[in-house]
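Colleague: This is start.txt (compact mmCIF, N, CA and C atoms).
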# COMPACT_ATOMS: atom_id res chain seq x y z
N MET P 218 -18.64 -33.26 -13.20
CA MET P 218 -18.93 -32.00 -12.55
C MET P 218 -20.24 -31.46 -13.11
N LYS P 219 -21.07 -31.04 -12.22
CA LYS P 219 -22.37 -30.55 -12.63
C LYS P 219 -22.29 -29.10 -13.11
N PHE P 220 -23.24 -28.73 -13.95
CA PHE P 220 -23.25 -27.40 -14.55
C PHE P 220 -23.35 -26.29 -13.49
N LYS P 221 -24.18 -26.50 -12.47
CA LYS P 221 -24.39 -25.49 -11.43
C LYS P 221 -23.09 -25.21 -10.67
N GLU P 222 -22.37 -26.27 -10.32
CA GLU P 222 -21.09 -26.10 -9.61
C GLU P 222 -20.10 -25.33 -10.47
N GLN P 223 -20.03 -25.68 -11.74
CA GLN P 223 -19.11 -25.00 -12.65
C GLN P 223 -19.50 -23.54 -12.81
N ALA P 224 -20.78 -23.26 -12.91
CA ALA P 224 -21.25 -21.88 -13.06
C ALA P 224 -20.90 -21.05 -11.82
N PHE P 225 -21.07 -21.63 -10.64
CA PHE P 225 -20.72 -20.91 -9.40
C PHE P 225 -19.22 -20.62 -9.35
N ARG P 226 -18.42 -21.59 -9.74
CA ARG P 226 -16.96 -21.39 -9.73
C ARG P 226 -16.55 -20.29 -10.70
N ILE P 227 -17.09 -20.32 -11.89
CA ILE P 227 -16.75 -19.30 -12.89
C ILE P 227 -17.21 -17.93 -12.42
N ALA P 228 -18.41 -17.85 -11.85
CA ALA P 228 -18.93 -16.56 -11.37
C ALA P 228 -18.08 -16.03 -10.21
N ALA P 229 -17.65 -16.91 -9.31
CA ALA P 229 -16.82 -16.48 -8.19
C ALA P 229 -15.46 -15.97 -8.68
N LEU P 230 -14.87 -16.69 -9.61
CA LEU P 230 -13.58 -16.26 -10.14
C LEU P 230 -13.72 -14.96 -10.93
N ALA P 231 -14.76 -14.84 -11.74
CA ALA P 231 -14.98 -13.62 -12.51
C ALA P 231 -15.23 -12.43 -11.59
N GLY P 232 -16.01 -12.63 -10.55
CA GLY P 232 -16.27 -11.56 -9.59
C GLY P 232 -15.00 -11.10 -8.89
N ALA P 233 -14.18 -12.06 -8.48
CA ALA P 233 -12.91 -11.71 -7.82
C ALA P 233 -11.99 -10.95 -8.77
N LEU P 234 -11.91 -11.39 -10.01
CA LEU P 234 -11.05 -10.71 -10.97
C LEU P 234 -11.56 -9.31 -11.31
N LEU P 235 -12.87 -9.16 -11.39
CA LEU P 235 -13.44 -7.83 -11.65
C LEU P 235 -13.15 -6.87 -10.49
N LEU P 236 -13.09 -7.39 -9.28
CA LEU P 236 -12.78 -6.55 -8.13
C LEU P 236 -11.29 -6.24 -8.02
N LEU P 237 -10.47 -7.21 -8.34
CA LEU P 237 -9.03 -7.02 -8.16
C LEU P 237 -8.36 -6.30 -9.32
N ALA P 238 -8.96 -6.33 -10.51
CA ALA P 238 -8.35 -5.69 -11.67
C ALA P 238 -8.11 -4.19 -11.46
N PRO P 239 -9.08 -3.41 -10.97
CA PRO P 239 -8.80 -1.99 -10.74
C PRO P 239 -7.73 -1.75 -9.68
N ILE P 240 -7.68 -2.61 -8.68
CA ILE P 240 -6.66 -2.46 -7.63
C ILE P 240 -5.28 -2.74 -8.21
N VAL P 241 -5.16 -3.80 -8.98
CA VAL P 241 -3.88 -4.13 -9.60
C VAL P 241 -3.45 -3.02 -10.55
N PHE P 242 -4.38 -2.52 -11.34
CA PHE P 242 -4.06 -1.43 -12.26
C PHE P 242 -3.63 -0.18 -11.50
N MET P 243 -4.30 0.09 -10.37
CA MET P 243 -3.94 1.24 -9.54
C MET P 243 -2.52 1.11 -8.99
N LEU P 244 -2.11 -0.11 -8.68
CA LEU P 244 -0.78 -0.32 -8.12
C LEU P 244 0.31 -0.45 -9.17
N VAL P 245 -0.03 -0.93 -10.37
CA VAL P 245 0.97 -1.17 -11.41
C VAL P 245 1.19 0.06 -12.29
N SER P 246 0.15 0.81 -12.58
CA SER P 246 0.28 1.95 -13.50
C SER P 246 1.30 3.01 -13.04
N PRO P 247 1.48 3.28 -11.75
CA PRO P 247 2.50 4.26 -11.37
C PRO P 247 3.93 3.83 -11.72
N LEU P 248 4.13 2.54 -11.89
CA LEU P 248 5.48 2.06 -12.22
C LEU P 248 5.95 2.57 -13.58
N PHE P 249 5.02 2.70 -14.52
CA PHE P 249 5.39 3.19 -15.85
C PHE P 249 5.84 4.65 -15.79
N LEU P 250 5.15 5.45 -14.99
CA LEU P 250 5.55 6.85 -14.83
C LEU P 250 6.90 6.93 -14.11
N TRP P 251 7.09 6.05 -13.13
CA TRP P 251 8.35 6.07 -12.40
C TRP P 251 9.51 5.66 -13.31
N LEU P 252 9.29 4.68 -14.17
CA LEU P 252 10.34 4.26 -15.09
C LEU P 252 10.67 5.36 -16.10
N ASP P 253 9.66 6.12 -16.51
CA ASP P 253 9.84 7.15 -17.52
C ASP P 253 10.40 8.45 -16.93
N GLN P 254 9.80 8.94 -15.84
CA GLN P 254 10.16 10.26 -15.32
C GLN P 254 10.72 10.24 -13.90
N LYS P 255 10.86 9.08 -13.30
CA LYS P 255 11.35 8.94 -11.93
C LYS P 255 10.45 9.66 -10.92
N ILE P 256 9.14 9.67 -11.22
CA ILE P 256 8.15 10.24 -10.31
C ILE P 256 7.17 9.13 -9.97
N LEU P 257 6.87 8.96 -8.69
CA LEU P 257 5.94 7.92 -8.27
C LEU P 257 4.65 8.57 -7.79
N MET P 258 3.61 8.52 -8.64
CA MET P 258 2.30 9.06 -8.29
C MET P 258 1.25 7.99 -8.56
N MET P 259 0.31 7.85 -7.61
CA MET P 259 -0.71 6.81 -7.74
C MET P 259 -2.10 7.45 -7.83
N ASP P 260 -2.91 6.95 -8.75
CA ASP P 260 -4.29 7.41 -8.88
C ASP P 260 -5.18 6.47 -8.06
N TYR P 261 -5.44 6.85 -6.82
CA TYR P 261 -6.21 6.01 -5.92
C TYR P 261 -7.71 6.07 -6.21
N LEU P 262 -8.12 6.86 -7.18
CA LEU P 262 -9.53 6.96 -7.55
C LEU P 262 -9.94 5.96 -8.64
N ILE P 263 -8.99 5.18 -9.15
CA ILE P 263 -9.30 4.25 -10.24
C ILE P 263 -10.44 3.30 -9.89
N PRO P 264 -10.45 2.66 -8.71
CA PRO P 264 -11.59 1.78 -8.42
C PRO P 264 -12.94 2.51 -8.40
N LEU P 265 -12.94 3.77 -7.99
CA LEU P 265 -14.19 4.55 -8.03
C LEU P 265 -14.58 4.91 -9.45
N GLU P 266 -13.61 5.17 -10.27
CA GLU P 266 -13.88 5.56 -11.65
C GLU P 266 -14.48 4.42 -12.47
N VAL P 267 -14.16 3.22 -12.11
CA VAL P 267 -14.72 2.05 -12.80
C VAL P 267 -15.70 1.33 -11.88
N PHE P 268 -16.53 2.11 -11.18
CA PHE P 268 -17.49 1.54 -10.23
C PHE P 268 -18.41 0.48 -10.86
N PRO P 269 -18.89 0.64 -12.08
CA PRO P 269 -19.72 -0.43 -12.64
C PRO P 269 -19.02 -1.79 -12.70
N VAL P 270 -17.72 -1.77 -12.96
CA VAL P 270 -16.95 -3.02 -12.98
C VAL P 270 -16.87 -3.60 -11.57
N VAL P 271 -16.56 -2.75 -10.60
CA VAL P 271 -16.45 -3.19 -9.20
C VAL P 271 -17.81 -3.67 -8.70
N PHE P 272 -18.87 -2.96 -9.04
CA PHE P 272 -20.21 -3.34 -8.61
C PHE P 272 -20.61 -4.69 -9.21
N THR P 273 -20.27 -4.91 -10.47
CA THR P 273 -20.58 -6.19 -11.11
C THR P 273 -19.86 -7.34 -10.40
N GLY P 274 -18.59 -7.13 -10.06
CA GLY P 274 -17.84 -8.15 -9.34
C GLY P 274 -18.43 -8.42 -7.97
N ALA P 275 -18.82 -7.36 -7.25
CA ALA P 275 -19.42 -7.53 -5.93
C ALA P 275 -20.77 -8.24 -6.04
N ALA P 276 -21.54 -7.91 -7.08
CA ALA P 276 -22.84 -8.56 -7.27
C ALA P 276 -22.67 -10.05 -7.58
N LEU P 277 -21.71 -10.38 -8.43
CA LEU P 277 -21.46 -11.79 -8.73
C LEU P 277 -21.08 -12.57 -7.48
N LEU P 278 -20.17 -11.99 -6.69
CA LEU P 278 -19.75 -12.68 -5.46
C LEU P 278 -20.90 -12.81 -4.47
N SER P 279 -21.72 -11.77 -4.36
CA SER P 279 -22.86 -11.82 -3.44
C SER P 279 -23.85 -12.90 -3.85
N ILE P 280 -24.12 -13.01 -5.14
CA ILE P 280 -25.05 -14.03 -5.62
C ILE P 280 -24.51 -15.42 -5.33
N VAL P 281 -23.24 -15.64 -5.64
CA VAL P 281 -22.64 -16.97 -5.41
C VAL P 281 -22.61 -17.28 -3.92
N ALA P 282 -22.25 -16.30 -3.09
CA ALA P 282 -22.18 -16.53 -1.65
C ALA P 282 -23.56 -16.83 -1.08
N CYS P 283 -24.58 -16.13 -1.54
CA CYS P 283 -25.93 -16.37 -1.03
C CYS P 283 -26.47 -17.73 -1.49
N LYS P 284 -26.17 -18.10 -2.72
CA LYS P 284 -26.67 -19.38 -3.24
C LYS P 284 -25.96 -20.58 -2.61
N THR P 285 -24.66 -20.43 -2.31
CA THR P 285 -23.90 -21.55 -1.76
C THR P 285 -23.83 -21.54 -0.25
N GLY P 286 -23.99 -20.38 0.36
CA GLY P 286 -23.88 -20.26 1.81
C GLY P 286 -22.46 -20.14 2.32
N LEU P 287 -21.49 -20.10 1.41
CA LEU P 287 -20.09 -19.97 1.79
C LEU P 287 -19.71 -18.49 1.89
N LEU P 288 -19.13 -18.10 3.01
CA LEU P 288 -18.70 -16.72 3.26
C LEU P 288 -19.82 -15.71 3.03
N LYS P 289 -21.05 -16.15 3.27
CA LYS P 289 -22.23 -15.35 2.94
C LYS P 289 -22.25 -14.01 3.69
N LYS P 290 -22.07 -14.04 5.00
CA LYS P 290 -22.16 -12.81 5.79
C LYS P 290 -21.06 -11.82 5.42
N ARG P 291 -19.86 -12.31 5.30
CA ARG P 291 -18.72 -11.42 5.02
C ARG P 291 -18.85 -10.76 3.65
N ILE P 292 -19.15 -11.56 2.64
CA ILE P 292 -19.21 -11.02 1.28
C ILE P 292 -20.40 -10.06 1.12
N CYS P 293 -21.54 -10.43 1.66
CA CYS P 293 -22.71 -9.55 1.53
C CYS P 293 -22.51 -8.26 2.31
N LEU P 294 -21.95 -8.34 3.51
CA LEU P 294 -21.71 -7.13 4.29
C LEU P 294 -20.70 -6.21 3.58
N LEU P 295 -19.63 -6.77 3.07
CA LEU P 295 -18.64 -5.96 2.36
C LEU P 295 -19.21 -5.36 1.08
N SER P 296 -20.07 -6.10 0.40
CA SER P 296 -20.70 -5.57 -0.82
C SER P 296 -21.59 -4.38 -0.48
N ILE P 297 -22.35 -4.49 0.61
CA ILE P 297 -23.21 -3.38 1.03
C ILE P 297 -22.36 -2.18 1.43
N LEU P 298 -21.29 -2.42 2.19
CA LEU P 298 -20.40 -1.33 2.59
C LEU P 298 -19.73 -0.67 1.39
N LEU P 299 -19.41 -1.46 0.40
CA LEU P 299 -18.78 -0.94 -0.81
C LEU P 299 -19.71 0.05 -1.53
N VAL P 300 -20.95 -0.35 -1.72
CA VAL P 300 -21.92 0.53 -2.38
C VAL P 300 -22.20 1.75 -1.51
N PHE P 301 -22.28 1.54 -0.19
CA PHE P 301 -22.52 2.67 0.71
C PHE P 301 -21.38 3.68 0.64
N MET P 302 -20.15 3.21 0.66
CA MET P 302 -19.00 4.12 0.62
C MET P 302 -18.96 4.89 -0.70
N PHE P 303 -19.34 4.24 -1.78
CA PHE P 303 -19.39 4.95 -3.06
C PHE P 303 -20.41 6.08 -3.01
N GLY P 304 -21.61 5.78 -2.58
CA GLY P 304 -22.66 6.79 -2.51
C GLY P 304 -22.38 7.86 -1.48
N PHE P 305 -21.89 7.46 -0.32
CA PHE P 305 -21.61 8.41 0.76
C PHE P 305 -20.47 9.35 0.38
N GLY P 306 -19.44 8.82 -0.27
CA GLY P 306 -18.33 9.67 -0.72
C GLY P 306 -18.79 10.69 -1.74
N GLN P 307 -19.64 10.26 -2.68
CA GLN P 307 -20.19 11.18 -3.67
C GLN P 307 -21.03 12.26 -2.99
N TYR P 308 -21.88 11.83 -2.06
CA TYR P 308 -22.75 12.76 -1.35
C TYR P 308 -21.93 13.80 -0.58
N LEU P 309 -20.91 13.33 0.14
CA LEU P 309 -20.08 14.26 0.92
C LEU P 309 -19.33 15.24 0.02
N ALA P 310 -18.84 14.75 -1.11
CA ALA P 310 -18.12 15.63 -2.02
C ALA P 310 -19.03 16.72 -2.57
N VAL P 311 -20.29 16.38 -2.81
CA VAL P 311 -21.23 17.37 -3.34
C VAL P 311 -21.63 18.38 -2.27
N ILE P 312 -21.99 17.91 -1.07
CA ILE P 312 -22.49 18.86 -0.07
C ILE P 312 -21.39 19.74 0.52
N THR P 313 -20.14 19.27 0.48
CA THR P 313 -19.05 20.11 0.98
C THR P 313 -18.52 21.07 -0.07
N GLY P 314 -18.91 20.88 -1.31
CA GLY P 314 -18.44 21.76 -2.37
C GLY P 314 -17.14 21.30 -3.00
N LEU P 315 -16.63 20.16 -2.60
CA LEU P 315 -15.39 19.65 -3.18
C LEU P 315 -15.61 19.11 -4.59
N ALA P 316 -16.80 18.65 -4.88
CA ALA P 316 -17.07 18.06 -6.19
C ALA P 316 -17.02 19.08 -7.31
N ASP P 317 -17.52 20.29 -7.06
CA ASP P 317 -17.53 21.31 -8.11
C ASP P 317 -16.46 22.37 -7.93
N GLY P 318 -15.67 22.27 -6.90
CA GLY P 318 -14.57 23.21 -6.70
C GLY P 318 -14.97 24.51 -6.02
N SER P 319 -16.19 24.59 -5.51
CA SER P 319 -16.62 25.82 -4.86
C SER P 319 -16.01 25.99 -3.47
N ALA P 320 -15.48 24.91 -2.92
CA ALA P 320 -14.80 24.97 -1.62
C ALA P 320 -13.35 24.55 -1.81
N PRO P 321 -12.45 25.12 -1.03
CA PRO P 321 -11.05 24.71 -1.17
C PRO P 321 -10.84 23.27 -0.69
N ALA P 322 -9.94 22.59 -1.33
CA ALA P 322 -9.66 21.19 -1.00
C ALA P 322 -8.70 21.12 0.18
N THR P 323 -9.19 21.52 1.34
CA THR P 323 -8.39 21.49 2.56
C THR P 323 -9.29 21.15 3.74
N GLY P 324 -8.67 20.82 4.83
CA GLY P 324 -9.38 20.66 6.08
C GLY P 324 -10.16 19.37 6.23
N LEU P 325 -11.09 19.43 7.17
CA LEU P 325 -11.87 18.25 7.52
C LEU P 325 -12.72 17.70 6.37
N PRO P 326 -13.37 18.54 5.56
CA PRO P 326 -14.14 17.97 4.44
C PRO P 326 -13.29 17.12 3.50
N LEU P 327 -12.11 17.60 3.17
CA LEU P 327 -11.23 16.82 2.30
C LEU P 327 -10.83 15.52 2.98
N PHE P 328 -10.51 15.58 4.26
CA PHE P 328 -10.10 14.39 4.99
C PHE P 328 -11.22 13.34 5.01
N VAL P 329 -12.45 13.78 5.24
CA VAL P 329 -13.57 12.83 5.31
C VAL P 329 -13.84 12.21 3.94
N VAL P 330 -13.80 13.00 2.89
CA VAL P 330 -14.03 12.47 1.55
C VAL P 330 -12.91 11.50 1.17
N LEU P 331 -11.67 11.85 1.48
CA LEU P 331 -10.56 10.94 1.18
C LEU P 331 -10.64 9.66 2.01
N ALA P 332 -11.16 9.77 3.22
CA ALA P 332 -11.34 8.57 4.06
C ALA P 332 -12.35 7.62 3.42
N THR P 333 -13.40 8.16 2.83
CA THR P 333 -14.36 7.28 2.15
C THR P 333 -13.74 6.64 0.91
N VAL P 334 -12.88 7.37 0.22
CA VAL P 334 -12.19 6.82 -0.95
C VAL P 334 -11.26 5.68 -0.53
N VAL P 335 -10.50 5.91 0.53
CA VAL P 335 -9.58 4.88 1.02
C VAL P 335 -10.37 3.66 1.51
N ALA P 336 -11.47 3.90 2.22
CA ALA P 336 -12.30 2.79 2.69
C ALA P 336 -12.85 2.00 1.51
N PHE P 337 -13.29 2.69 0.46
CA PHE P 337 -13.79 2.01 -0.74
C PHE P 337 -12.70 1.14 -1.37
N ASP P 338 -11.49 1.68 -1.48
CA ASP P 338 -10.38 0.92 -2.06
C ASP P 338 -10.05 -0.30 -1.21
N VAL P 339 -10.03 -0.14 0.09
CA VAL P 339 -9.71 -1.26 0.99
C VAL P 339 -10.81 -2.31 0.94
N PHE P 340 -12.07 -1.88 0.95
CA PHE P 340 -13.18 -2.83 0.85
C PHE P 340 -13.14 -3.58 -0.47
N THR P 341 -12.77 -2.90 -1.54
CA THR P 341 -12.65 -3.56 -2.84
C THR P 341 -11.58 -4.64 -2.80
N LEU P 342 -10.44 -4.31 -2.23
CA LEU P 342 -9.35 -5.28 -2.11
C LEU P 342 -9.75 -6.48 -1.25
N ILE P 343 -10.34 -6.23 -0.09
CA ILE P 343 -10.74 -7.31 0.80
C ILE P 343 -11.80 -8.19 0.15
N LEU P 344 -12.75 -7.57 -0.52
CA LEU P 344 -13.80 -8.34 -1.18
C LEU P 344 -13.23 -9.19 -2.32
N GLY P 345 -12.24 -8.66 -3.04
CA GLY P 345 -11.58 -9.44 -4.07
C GLY P 345 -10.84 -10.65 -3.49
N ILE P 346 -10.21 -10.45 -2.35
CA ILE P 346 -9.52 -11.57 -1.68
C ILE P 346 -10.53 -12.61 -1.20
N TYR P 347 -11.64 -12.14 -0.65
CA TYR P 347 -12.69 -13.08 -0.25
C TYR P 347 -13.25 -13.82 -1.47
N GLY P 348 -13.30 -13.16 -2.61
CA GLY P 348 -13.74 -13.82 -3.82
C GLY P 348 -12.83 -14.96 -4.22
N LEU P 349 -11.52 -14.73 -4.11
CA LEU P 349 -10.57 -15.82 -4.41
C LEU P 349 -10.70 -16.94 -3.38
N THR P 350 -10.93 -16.58 -2.13
CA THR P 350 -11.15 -17.59 -1.09
C THR P 350 -12.41 -18.39 -1.37
N LEU P 351 -13.46 -17.71 -1.79
CA LEU P 351 -14.70 -18.39 -2.14
C LEU P 351 -14.48 -19.36 -3.31
N TYR P 352 -13.72 -18.92 -4.29
CA TYR P 352 -13.41 -19.79 -5.42
C TYR P 352 -12.66 -21.04 -4.96
N LYS P 353 -11.69 -20.87 -4.08
CA LYS P 353 -10.94 -22.03 -3.56
C LYS P 353 -11.85 -22.97 -2.78
N GLN P 354 -12.76 -22.41 -1.99
CA GLN P 354 -13.68 -23.26 -1.23
C GLN P 354 -14.65 -23.99 -2.16
N LEU P 355 -15.06 -23.33 -3.22
CA LEU P 355 -15.97 -23.98 -4.17
C LEU P 355 -15.28 -25.12 -4.91
N ARG P 356 -13.99 -25.03 -5.09
CA ARG P 356 -13.25 -26.11 -5.75
C ARG P 356 -13.15 -27.34 -4.85
N LYS P 357 -13.20 -27.12 -3.52
CA LYS P 357 -13.04 -28.22 -2.57
C LYS P 357 -14.33 -28.96 -2.28
N VAL P 358 -15.46 -28.25 -2.29
CA VAL P 358 -16.72 -28.86 -1.88
C VAL P 358 -17.59 -29.19 -3.09
N SER P 359 -18.46 -30.18 -2.88
CA SER P 359 -19.46 -30.51 -3.87
C SER P 359 -20.79 -29.96 -3.38
N LEU P 360 -21.43 -29.14 -4.18
CA LEU P 360 -22.65 -28.45 -3.76
C LEU P 360 -23.90 -29.28 -3.99
N ILE P 361 -23.81 -30.24 -4.89
CA ILE P 361 -25.02 -30.98 -5.25
C ILE P 361 -24.85 -32.45 -4.93
Take the structure in this file and express it as structure tokens.

Modeller:
Amino acid sequence: MKFKEQAFRIAALAGALLLLAPIVFMLVSPLFLWLDQKILMMDYLIPLEVFPVVFTGAALLSIVACKTGLLKKRICLLSILLVFMFGFGQYLAVITGLADGSAPATGLPLFVVLATVVAFDVFTLILGIYGLTLYKQLRKVSLI
């Protein structure tokens, strides 16, 4: 096995794990609260709070997809949408006053900001799944 192929495989797997780790933590952490207090609450902002980790995973997958040509359009488009949703959600929260609490957290502004958060979480999950798919495809093909 050549070094380049191995590096692409490791980068694809690392990128997928970096993307899926916040999602898994977001889904597993409420179980501890439920076991302790019988309350089920989920922090859906976890992937946004660790954006540098998510961005690193998306960047790794984008680089591998562009270099290999496998799933290139899907991964690059989702990576761009991921960064856009992060920035757009931040921007909307600031201009509506939700970020600093100057506006009440109700109505259409809250709905739009939460929609960007949900879209970011979904894009993170889908990109992580594509990362695992890319890793599987890299294991099957020889690039050099």

Colleague: Output as JSON lines one row per residue of range 245-328 of chain P within 12 Å of range 338-351 of chain P: the closest atom pair and its distance in Å to one decimal place, counting only C-alpha atoms, sorted by chain and residue number ascending.

Modeller:
{"residue": "P:Asp260", "atom": "CA", "partner": "P:Asp338", "partner_atom": "CA", "distance": 11.2}
{"residue": "P:Tyr261", "atom": "CA", "partner": "P:Asp338", "partner_atom": "CA", "distance": 7.6}
{"residue": "P:Leu262", "atom": "CA", "partner": "P:Asp338", "partner_atom": "CA", "distance": 8.2}
{"residue": "P:Ile263", "atom": "CA", "partner": "P:Asp338", "partner_atom": "CA", "distance": 8.9}
{"residue": "P:Pro264", "atom": "CA", "partner": "P:Asp338", "partner_atom": "CA", "distance": 6.5}
{"residue": "P:Leu265", "atom": "CA", "partner": "P:Asp338", "partner_atom": "CA", "distance": 8.0}
{"residue": "P:Glu266", "atom": "CA", "partner": "P:Asp338", "partner_atom": "CA", "distance": 11.2}
{"residue": "P:Val267", "atom": "CA", "partner": "P:Thr341", "partner_atom": "CA", "distance": 11.6}
{"residue": "P:Phe268", "atom": "CA", "partner": "P:Thr341", "partner_atom": "CA", "distance": 10.2}
{"residue": "P:Val270", "atom": "CA", "partner": "P:Thr341", "partner_atom": "CA", "distance": 11.0}
{"residue": "P:Val271", "atom": "CA", "partner": "P:Thr341", "partner_atom": "CA", "distance": 7.4}
{"residue": "P:Phe272", "atom": "CA", "partner": "P:Thr341", "partner_atom": "CA", "distance": 9.5}
{"residue": "P:Thr273", "atom": "CA", "partner": "P:Thr341", "partner_atom": "CA", "distance": 11.8}
{"residue": "P:Gly274", "atom": "CA", "partner": "P:Gly345", "partner_atom": "CA", "distance": 8.3}
{"residue": "P:Ala275", "atom": "CA", "partner": "P:Leu344", "partner_atom": "CA", "distance": 7.4}
{"residue": "P:Ala276", "atom": "CA", "partner": "P:Leu344", "partner_atom": "CA", "distance": 10.9}
{"residue": "P:Leu277", "atom": "CA", "partner": "P:Gly348", "partner_atom": "CA", "distance": 9.4}
{"residue": "P:Leu278", "atom": "CA", "partner": "P:Gly348", "partner_atom": "CA", "distance": 6.3}
{"residue": "P:Ser279", "atom": "CA", "partner": "P:Gly348", "partner_atom": "CA", "distance": 9.3}
{"residue": "P:Ile280", "atom": "CA", "partner": "P:Gly348", "partner_atom": "CA", "distance": 11.5}
{"residue": "P:Val281", "atom": "CA", "partner": "P:Leu351", "partner_atom": "CA", "distance": 8.7}
{"residue": "P:Ala282", "atom": "CA", "partner": "P:Leu351", "partner_atom": "CA", "distance": 7.7}
{"residue": "P:Cys283", "atom": "CA", "partner": "P:Leu351", "partner_atom": "CA", "distance": 11.5}
{"residue": "P:Thr285", "atom": "CA", "partner": "P:Leu351", "partner_atom": "CA", "distance": 9.7}
{"residue": "P:Gly286", "atom": "CA", "partner": "P:Leu351", "partner_atom": "CA", "distance": 10.2}
{"residue": "P:Leu287", "atom": "CA", "partner": "P:Leu351", "partner_atom": "CA", "distance": 6.9}
{"residue": "P:Leu288", "atom": "CA", "partner": "P:Leu351", "partner_atom": "CA", "distance": 6.9}
{"residue": "P:Lys289", "atom": "CA", "partner": "P:Leu351", "partner_atom": "CA", "distance": 9.6}
{"residue": "P:Lys290", "atom": "CA", "partner": "P:Tyr347", "partner_atom": "CA", "distance": 11.2}
{"residue": "P:Arg291", "atom": "CA", "partner": "P:Tyr347", "partner_atom": "CA", "distance": 8.2}
{"residue": "P:Ile292", "atom": "CA", "partner": "P:Leu344", "partner_atom": "CA", "distance": 6.5}
{"residue": "P:Cys293", "atom": "CA", "partner": "P:Leu344", "partner_atom": "CA", "distance": 9.4}
{"residue": "P:Leu294", "atom": "CA", "partner": "P:Leu344", "partner_atom": "CA", "distance": 9.7}
{"residue": "P:Leu295", "atom": "CA", "partner": "P:Leu344", "partner_atom": "CA", "distance": 6.5}
{"residue": "P:Ser296", "atom": "CA", "partner": "P:Leu344", "partner_atom": "CA", "distance": 7.4}
{"residue": "P:Ile297", "atom": "CA", "partner": "P:Phe340", "partner_atom": "CA", "distance": 10.0}
{"residue": "P:Leu298", "atom": "CA", "partner": "P:Phe340", "partner_atom": "CA", "distance": 7.6}
{"residue": "P:Leu299", "atom": "CA", "partner": "P:Phe340", "partner_atom": "CA", "distance": 6.1}
{"residue": "P:Val300", "atom": "CA", "partner": "P:Phe340", "partner_atom": "CA", "distance": 9.9}
{"residue": "P:Phe301", "atom": "CA", "partner": "P:Phe340", "partner_atom": "CA", "distance": 10.8}
{"residue": "P:Met302", "atom": "CA", "partner": "P:Phe340", "partner_atom": "CA", "distance": 9.1}
{"residue": "P:Phe303", "atom": "CA", "partner": "P:Asp338", "partner_atom": "CA", "distance": 9.9}
{"residue": "P:Gly306", "atom": "CA", "partner": "P:Asp338", "partner_atom": "CA", "distance": 11.9}

Colleague: Could you go through range 232-303 of chain P and tell me which residues DSSP, when run on the backbone, assigns to alpha helix (DSSP H), listing them as a VMD selection string?

Modeller: chain P and resid 232 to 254 263 to 266 268 to 285 289 to 303

Colleague: Quote the spacing between atom N of Leu248 in chain P and atom N of Leu331 in chain P in Å to one decimal place.

Modeller: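 Atom N of Leu331 in chain P lies 22.7 Å from atom N of Leu248 in chain P.
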
Colleague: Specify the axis-aligned box that encloses all atoms of range 292-301 of chain P listed in the file after padding of 5 Å on each side, stating its centre and edge lengths in Å to one decimal as AutoDock Vina command-line options.

Modeller:
--center_x -20.9 --center_y -3.9 --center_z 1.0 --size_x 14.6 --size_y 25.2 --size_z 16.7

Colleague: Would you list the contacts of Met258 in chain P as a list in words, taking every protein, DNA or RNA residue within 8 Å and counting only N, CA and C atoms, but skipping same-chain residues closer than 5 positions in sequence?

Modeller: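 Here the qualifying residues turn out to be Met243, Ser246, Pro247, Leu248, Leu250 and Trp251 of chain P.
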
Colleague: So the first atom is CA of Gly324 in chain P and the second is CA of Leu244 in chain P; what is the distance between them in Å, to one decimal place?

Modeller: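 CA of Leu244 in chain P lies at a distance of 26.8 Å from CA of Gly324 in chain P.
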
Colleague: Please, what distance in Å, to one decimal, runs between atom C of Leu252 in chain P and CA of Phe337 in chain P?

Modeller: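 The value is 29.1 Å.
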
Colleague: Nearest residue to Leu327 in chain P out of P:Leu315, P:Leu236, P:Leu257, P:Ala228, using all atoms listed in the file?

Modeller: P:Leu315
